[in-house]
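A.B. asks: My questions all concern the structure below.
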Amino acid sequence: MPPFLSTPPRVRLVNAFARPFDGVVAAARTCYSPKGIVTPEEVGGDALADPVEKERRLSRRDSLARDVYLAGHHTTFQHAHFEFTLENVSRQLVWSFLHAHPFYNSEQTSQRYVEVKPGTFAVPPLSGEALEVYRAACERQTEAYRRLGRLLVPVAARAFYGTFRGRESQPARWEKAIRKRALEVARYVLPVATFTTLYHTVSAVTLFRYRRLAETFDAPTEQRMVVEAMTDELLRHDPSYVAVLEQPIPLEETPEYALAGRLFGGLHPDRPGDAAFRERFDAGLGGRVSRLVDRKARNEELLAEAVREVVGATPGILSDDEAIALAIDPAANTLLGEALNLTDHGKLARALHHPAYTFRKKLSHTADSQDQRHRTTPASRPTLHAYLTDGPDYVTPMLLAEPGEAKALYDETMERTWEAIRRLRALGVPDEFRAYLLPNAVALRFTESADLAGLRHKLAMRLCFNAQEEIWRASLDEAEQVREVEPRIGRWLLPPCSLRARAGAKPVCPEGERFCGVLVWKRDLSDYRRLF
């Protein structure tokens with residue numbers, strides 16, 4: 001497959017352990033060393049003057065590393081981490097691959113607050129009419145983004161000043177904040193092909209996994225390009241890793257590819273069941289963004305018992321109500337009012353890992369790109385190939401709810417985007433490349449699960465009125481439903497300001513100048529309202 005026609009990905013290793021591969025074997029040997037710590041210098045034979053003996057030492061090192069790797073004892077490889085910078089990679093790649101698992105740390109340029117420049121999108125290896133259709137669609141989406149950014153400023157201003165009473169007297173001071181709100185909504189029309197830039201840190205084990213699954217849905221060509229560049233950077237830093245590297249599993253041998261072939265007869269079929277799937281899924285949401293569909297039957301009792309086990313108490317000494325509050329009420333467990341998430345380090349708070357919940361939800365690609373960053377609430381996200389053959393299927397943000405020029409432009413852009421996707425199909429363009437035209441607004445449907453520790457932390461972040469609108473609505477849905485069925489737990493699923501107020505932390509709102517303008521901690525969950 002030829003490379004993309006756009007600017008190629010730029011991958012640089014900017015930080016790494018000094019002797020990562022020697023450290024792997026040093027850690028492995030330390031497990032069984034009667035003398036204690038084995039150092040990387042010993043493994044590499046630094047003190048040896050005889051080159052033959054040093055080569056023998058390195059051969060034993062590589063042999064042990066391969067034995068450890070093949071036996072599945074991968075924690076030794078997990079000590080070393082590698083910090084990369086990535087440029088000219090698509091939002092599609094980040095969502096589908098780099099952020100689709102829990103084992104990474106990443107800081108990405110925000111489309112919510114940084115304006116996207118024209119021409120900054122991935123262009124697959126197309127030619128002729130297909131290339132013309134693709135480029136025209138991306139340019140049309142980018143132009144719609146710019147126009148919406150302008151059209152939505154007065155709409156965003158009305159919502160802003162409706163929230164922040166009295167700020168109308170200083171319009172120049174708040175112009176930038178209002179402009180950002182307009183761009184946050186305008187980005188919904190951008191293609192998932194749009195480039196991004198990020199710092200991305202992974203362990204050696206995660207990079208091994210990237211390499212093994214580089215050729216999976218949804219973006220195998222771009223994934224292979226990026227993973228090969230990351231691997232090259234790794235080997236440039238420490239060539240010894242070549243001793244354990246495996247080749248990628250071919251796309252045709254992955255379970256998802258086999259399933260697509262069995263159900264649909266290939267990757268480019270007519271799928272008459274798509275509309276039925278969407279209708280069934282959406283009806284099951286009951287009007288919510290996120291619906292609680294399952295939970296452990298005795299969550300509250302389970303939590304109470306776990307707390308009693310921490311201190312060795314019986315129900316006669318510590319009631320269920322008291323035990324639950326000790327774990328999750330910030331007034332009793334003041335660790336929950338800390339800026340750090342200390343759930344896994346406090347003994348009482350660790351009891352929150354036992355209750356569990358499952359939600360079915362519908363979010364746009366751009367909202368889910370943020371939702372998936374909560375890695376303790378994993379989800380079974382879709383392959384985007386399933387979203388390519390029907391008509392427009394997208395989410396509309398609040399600022400575009402009212403009819404008008406902006407809403408008309410938004411809807412027209414969606415119609416024309418799906419027209420281009422269908423035209424590319426008629427021209428024989430693979431699903432992989434057509435998917436890059438899908439807008440940020442495309443609706444994704446999936447199931448997400450979390451234990452109470454993960455859910456509590458996520459809601460503590462995303463019930464904040466500054467959170468992205470869709471995630472905020474999904475979080476409100478989740479908090480309301482848990483409160484309804486498990487009130488002793490649900491009453492403490494609150495935004496950060498409410499938790500801090502309950503814990504006695506100051507300032508109550510930790511956002512500083514980003515304060516949302518609403519005294520949320522003085523309101524009940526049922527009274528939460530947002531204008532944007």
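Following the order of the structure tokens, chains are lettered A, B, ..., residues in each are numbered from 1, and ligands are numbered from 1.
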Residues within 6 Å of region 214-218 of chain A, please, as a ChimeraX atom specification. Count only C-alpha atoms; anything in the same chain fewer than 4 positions from it doesn't count.

C.D. replies: /A:210,223-224,250-251

A.B. asks: Restricting the output to N, CA, C and O atoms, write the selected residues as a PDB file, in the first residue's frame.

C.D. replies:
```
ATOM      1  N   TYR A 210       0.997  -2.641  20.339  1.00  0.00           N
ATOM      2  CA  TYR A 210       0.746  -1.804  19.163  1.00  0.00           C
ATOM      3  C   TYR A 210       1.268  -2.497  17.897  1.00  0.00           C
ATOM      4  O   TYR A 210       0.587  -2.531  16.869  1.00  0.00           O
ATOM      5  N   GLN A 223      -2.077   3.252  10.984  1.00  0.00           N
ATOM      6  CA  GLN A 223      -1.558   2.644  12.209  1.00  0.00           C
ATOM      7  C   GLN A 223      -0.201   1.998  11.965  1.00  0.00           C
ATOM      8  O   GLN A 223       0.731   2.144  12.767  1.00  0.00           O
ATOM      9  N   ARG A 224      -0.087   1.268  10.856  1.00  0.00           N
ATOM     10  CA  ARG A 224       1.183   0.612  10.549  1.00  0.00           C
ATOM     11  C   ARG A 224       2.289   1.653  10.348  1.00  0.00           C
ATOM     12  O   ARG A 224       3.422   1.474  10.827  1.00  0.00           O
ATOM     13  N   PRO A 250      -1.657 -10.003  10.382  1.00  0.00           N
ATOM     14  CA  PRO A 250      -2.319  -9.436   9.200  1.00  0.00           C
ATOM     15  C   PRO A 250      -3.801  -9.151   9.470  1.00  0.00           C
ATOM     16  O   PRO A 250      -4.455  -9.889  10.214  1.00  0.00           O
ATOM     17  N   LEU A 251      -4.304  -8.077   8.888  1.00  0.00           N
ATOM     18  CA  LEU A 251      -5.712  -7.706   9.066  1.00  0.00           C
ATOM     19  C   LEU A 251      -6.640  -8.879   8.779  1.00  0.00           C
ATOM     20  O   LEU A 251      -7.611  -9.121   9.503  1.00  0.00           O
TER      21      LEU A 251
END
```

A.B. asks: Tell me which protein, DNA and RNA residues are within 9 Å of Arg291 (chain A), counting only C-alpha atoms, leaving out same-chain ones fewer than 5 positions away, and put them as an MDAnalysis selection string.

C.D. replies: chainID A and resid 284:286 358:361 474 477:478 481

A.B. asks: Write out the residues from the selection above, keeping N, CA, C and O atoms, as a PDB file, in the first residue's frame.

C.D. replies:
```pdb
ATOM      1  N   GLY A 284     -33.936   1.704  22.802  1.00  0.00           N
ATOM      2  CA  GLY A 284     -33.551   1.172  24.099  1.00  0.00           C
ATOM      3  C   GLY A 284     -32.980   2.214  25.042  1.00  0.00           C
ATOM      4  O   GLY A 284     -32.937   1.993  26.258  1.00  0.00           O
ATOM      5  N   LEU A 285     -32.553   3.361  24.515  1.00  0.00           N
ATOM      6  CA  LEU A 285     -32.028   4.425  25.374  1.00  0.00           C
ATOM      7  C   LEU A 285     -33.132   5.158  26.118  1.00  0.00           C
ATOM      8  O   LEU A 285     -32.868   5.818  27.128  1.00  0.00           O
ATOM      9  N   GLY A 286     -34.349   5.062  25.622  1.00  0.00           N
ATOM     10  CA  GLY A 286     -35.454   5.711  26.314  1.00  0.00           C
ATOM     11  C   GLY A 286     -35.306   7.216  26.427  1.00  0.00           C
ATOM     12  O   GLY A 286     -35.727   7.809  27.428  1.00  0.00           O
ATOM     13  N   THR A 358     -23.308  -1.099  34.298  1.00  0.00           N
ATOM     14  CA  THR A 358     -23.149  -1.143  32.839  1.00  0.00           C
ATOM     15  C   THR A 358     -24.164  -0.200  32.202  1.00  0.00           C
ATOM     16  O   THR A 358     -25.357  -0.250  32.537  1.00  0.00           O
ATOM     17  N   PHE A 359     -23.681   0.639  31.298  1.00  0.00           N
ATOM     18  CA  PHE A 359     -24.520   1.626  30.604  1.00  0.00           C
ATOM     19  C   PHE A 359     -24.448   1.403  29.096  1.00  0.00           C
ATOM     20  O   PHE A 359     -23.407   1.023  28.563  1.00  0.00           O
ATOM     21  N   ARG A 360     -25.549   1.650  28.442  1.00  0.00           N
ATOM     22  CA  ARG A 360     -25.578   1.695  26.986  1.00  0.00           C
ATOM     23  C   ARG A 360     -25.699   3.160  26.600  1.00  0.00           C
ATOM     24  O   ARG A 360     -26.554   3.881  27.130  1.00  0.00           O
ATOM     25  N   LYS A 361     -24.840   3.627  25.662  1.00  0.00           N
ATOM     26  CA  LYS A 361     -24.818   5.062  25.423  1.00  0.00           C
ATOM     27  C   LYS A 361     -24.562   5.404  23.955  1.00  0.00           C
ATOM     28  O   LYS A 361     -24.065   4.584  23.183  1.00  0.00           O
ATOM     29  N   ALA A 474     -24.436  12.730  29.513  1.00  0.00           N
ATOM     30  CA  ALA A 474     -24.344  11.300  29.789  1.00  0.00           C
ATOM     31  C   ALA A 474     -24.050  11.056  31.266  1.00  0.00           C
ATOM     32  O   ALA A 474     -24.635  10.161  31.894  1.00  0.00           O
ATOM     33  N   ASP A 477     -27.161  11.639  33.298  1.00  0.00           N
ATOM     34  CA  ASP A 477     -28.025  10.465  33.156  1.00  0.00           C
ATOM     35  C   ASP A 477     -27.577   9.343  34.093  1.00  0.00           C
ATOM     36  O   ASP A 477     -28.399   8.714  34.780  1.00  0.00           O
ATOM     37  N   GLU A 478     -26.298   9.088  34.122  1.00  0.00           N
ATOM     38  CA  GLU A 478     -25.772   7.974  34.907  1.00  0.00           C
ATOM     39  C   GLU A 478     -25.941   8.219  36.398  1.00  0.00           C
ATOM     40  O   GLU A 478     -26.355   7.322  37.147  1.00  0.00           O
ATOM     41  N   GLN A 481     -29.663   7.848  37.426  1.00  0.00           N
ATOM     42  CA  GLN A 481     -30.172   6.480  37.434  1.00  0.00           C
ATOM     43  C   GLN A 481     -29.610   5.666  38.595  1.00  0.00           C
ATOM     44  O   GLN A 481     -30.327   4.866  39.205  1.00  0.00           O
TER      45      GLN A 481
END
```

A.B. asks: I'd like the interatomic distance between CA of Leu245 (chain A) and CA of Thr231 (chain A), to a tenth of an Å.

C.D. replies: 9.2 Å

A.B. asks: DSSP on the backbone, then: every residue of region 267-343 of chain A marked strand (DSSP E), written as a ChimeraX atom specification.

C.D. replies: /A:290-295

A.B. asks: Which of these, A:Val94, A:Leu336, A:Ala453, A:Leu437, has the shortest distance to Glu419 (chain A) once you count only C-alpha atoms?

C.D. replies: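 Looking at the shortest contact to Glu419 (chain A), the residue is A:Leu437.
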
A.B. asks: Extract the full set of helix (DSSP H, G or I) residues from region 186-399 of chain A according to DSSP on the backbone, and format it as number ranges by chain.

C.D. replies: A: 186-189, 204-212, 220-237, 239-243, 251-253, 255-264, 273-285, 299-311, 320-328, 334-337, 349-353, 365-371, 384-387, 398-399

A.B. asks: With only C-alpha atoms as the basis for distance, which of A:Val202, A:Ile328, A:Leu452, A:Met461 is at the shortest distance from Phe17 (chain A)?

C.D. replies: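 Checking each of A:Val202, A:Ile328, A:Leu452, A:Met461 against Phe17 (chain A), counting only C-alpha atoms, the winner is A:Val202.
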
A.B. asks: Which of these, A:Ser475, A:Thr85, A:Thr389, A:Thr334, has the shortest distance to Lys458 (chain A) once you count only C-alpha atoms?

C.D. replies: A:Ser475

A.B. asks: Can you work out the spacing between CA of Pro439 (chain A) and CA of Tyr188 (chain A) in Å, to one decimal?

C.D. replies: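 These two atoms are separated by 6.4 Å.
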
A.B. asks: How many Å lie between CA of Ser380 (chain A) and CA of Glu256 (chain A), rounded to one decimal?

C.D. replies: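 Distance between the two atoms: 12.6 Å.
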
A.B. asks: Find the residues around Lys176 (chain A) up to 12 Å (only C-alpha atoms counted), leave out those fewer than 6 positions away in its own chain, and share them as a compact mmCIF listing (two decimals) with all heavy atoms, in the first residue's frame.

C.D. replies:
```txt
# COMPACT_ATOMS: atom_id res chain seq x y z
N TYR A 113 -10.44 24.13 22.13
CA TYR A 113 -9.88 25.44 22.45
C TYR A 113 -8.83 25.94 21.45
O TYR A 113 -8.42 27.09 21.52
CB TYR A 113 -9.25 25.40 23.84
CG TYR A 113 -10.23 24.96 24.91
CD1 TYR A 113 -9.99 23.83 25.68
CD2 TYR A 113 -11.41 25.66 25.12
CE1 TYR A 113 -10.90 23.41 26.65
CE2 TYR A 113 -12.32 25.26 26.08
CZ TYR A 113 -12.06 24.14 26.84
OH TYR A 113 -12.96 23.73 27.79
N VAL A 114 -8.38 25.08 20.53
CA VAL A 114 -7.39 25.50 19.54
C VAL A 114 -8.01 25.42 18.16
O VAL A 114 -8.50 24.36 17.73
CB VAL A 114 -6.14 24.59 19.61
CG1 VAL A 114 -5.12 25.02 18.55
CG2 VAL A 114 -5.51 24.63 21.00
N GLU A 115 -8.00 26.54 17.43
CA GLU A 115 -8.65 26.59 16.12
C GLU A 115 -7.89 25.72 15.12
O GLU A 115 -6.66 25.72 15.05
CB GLU A 115 -8.70 28.03 15.62
CG GLU A 115 -9.49 28.20 14.34
CD GLU A 115 -9.81 29.64 14.03
OE1 GLU A 115 -9.40 30.53 14.80
OE2 GLU A 115 -10.48 29.88 13.00
N VAL A 153 -21.06 32.68 17.11
CA VAL A 153 -20.59 33.62 18.13
C VAL A 153 -21.76 34.34 18.83
O VAL A 153 -21.82 34.37 20.06
CB VAL A 153 -19.58 34.62 17.53
CG1 VAL A 153 -19.35 35.79 18.49
CG2 VAL A 153 -18.26 33.92 17.24
N ALA A 156 -23.58 31.80 21.02
CA ALA A 156 -22.78 31.48 22.21
C ALA A 156 -22.77 32.65 23.19
O ALA A 156 -22.78 32.46 24.41
CB ALA A 156 -21.36 31.11 21.80
N ALA A 157 -22.76 33.88 22.66
CA ALA A 157 -22.76 35.06 23.53
C ALA A 157 -24.04 35.14 24.34
O ALA A 157 -24.02 35.43 25.55
CB ALA A 157 -22.57 36.33 22.69
N PHE A 160 -23.79 32.56 27.00
CA PHE A 160 -22.76 32.93 27.96
C PHE A 160 -23.28 33.99 28.92
O PHE A 160 -23.17 33.86 30.14
CB PHE A 160 -21.53 33.43 27.21
CG PHE A 160 -20.37 33.78 28.09
CD1 PHE A 160 -19.48 32.80 28.52
CD2 PHE A 160 -20.14 35.09 28.47
CE1 PHE A 160 -18.40 33.12 29.32
CE2 PHE A 160 -19.06 35.42 29.28
CZ PHE A 160 -18.20 34.43 29.71
N GLN A 170 -18.65 44.10 29.90
CA GLN A 170 -17.24 43.99 29.52
C GLN A 170 -17.08 43.00 28.36
O GLN A 170 -16.40 41.98 28.48
CB GLN A 170 -16.41 43.53 30.72
CG GLN A 170 -16.38 44.50 31.88
CD GLN A 170 -15.58 43.93 33.04
OE1 GLN A 170 -15.94 42.91 33.63
NE2 GLN A 170 -14.48 44.59 33.36
N ALA A 182 -17.98 28.87 20.59
CA ALA A 182 -18.48 28.72 19.23
C ALA A 182 -17.66 27.68 18.47
O ALA A 182 -18.21 26.81 17.77
CB ALA A 182 -18.44 30.07 18.51
N LEU A 183 -16.33 27.72 18.61
CA LEU A 183 -15.48 26.75 17.91
C LEU A 183 -15.67 25.34 18.45
O LEU A 183 -15.55 24.36 17.71
CB LEU A 183 -14.01 27.16 18.05
CG LEU A 183 -13.58 28.39 17.26
CD1 LEU A 183 -12.13 28.75 17.58
CD2 LEU A 183 -13.76 28.17 15.77
```

A.B. asks: Pick out the residues sitting within 7 Å of Ala193 (chain A), and hand them over as an MDAnalysis selection string; count only C-alpha atoms, and ignore anything fewer than 4 positions along from it in its own chain.

C.D. replies: chainID A and resid 90:92 121:122 436:437
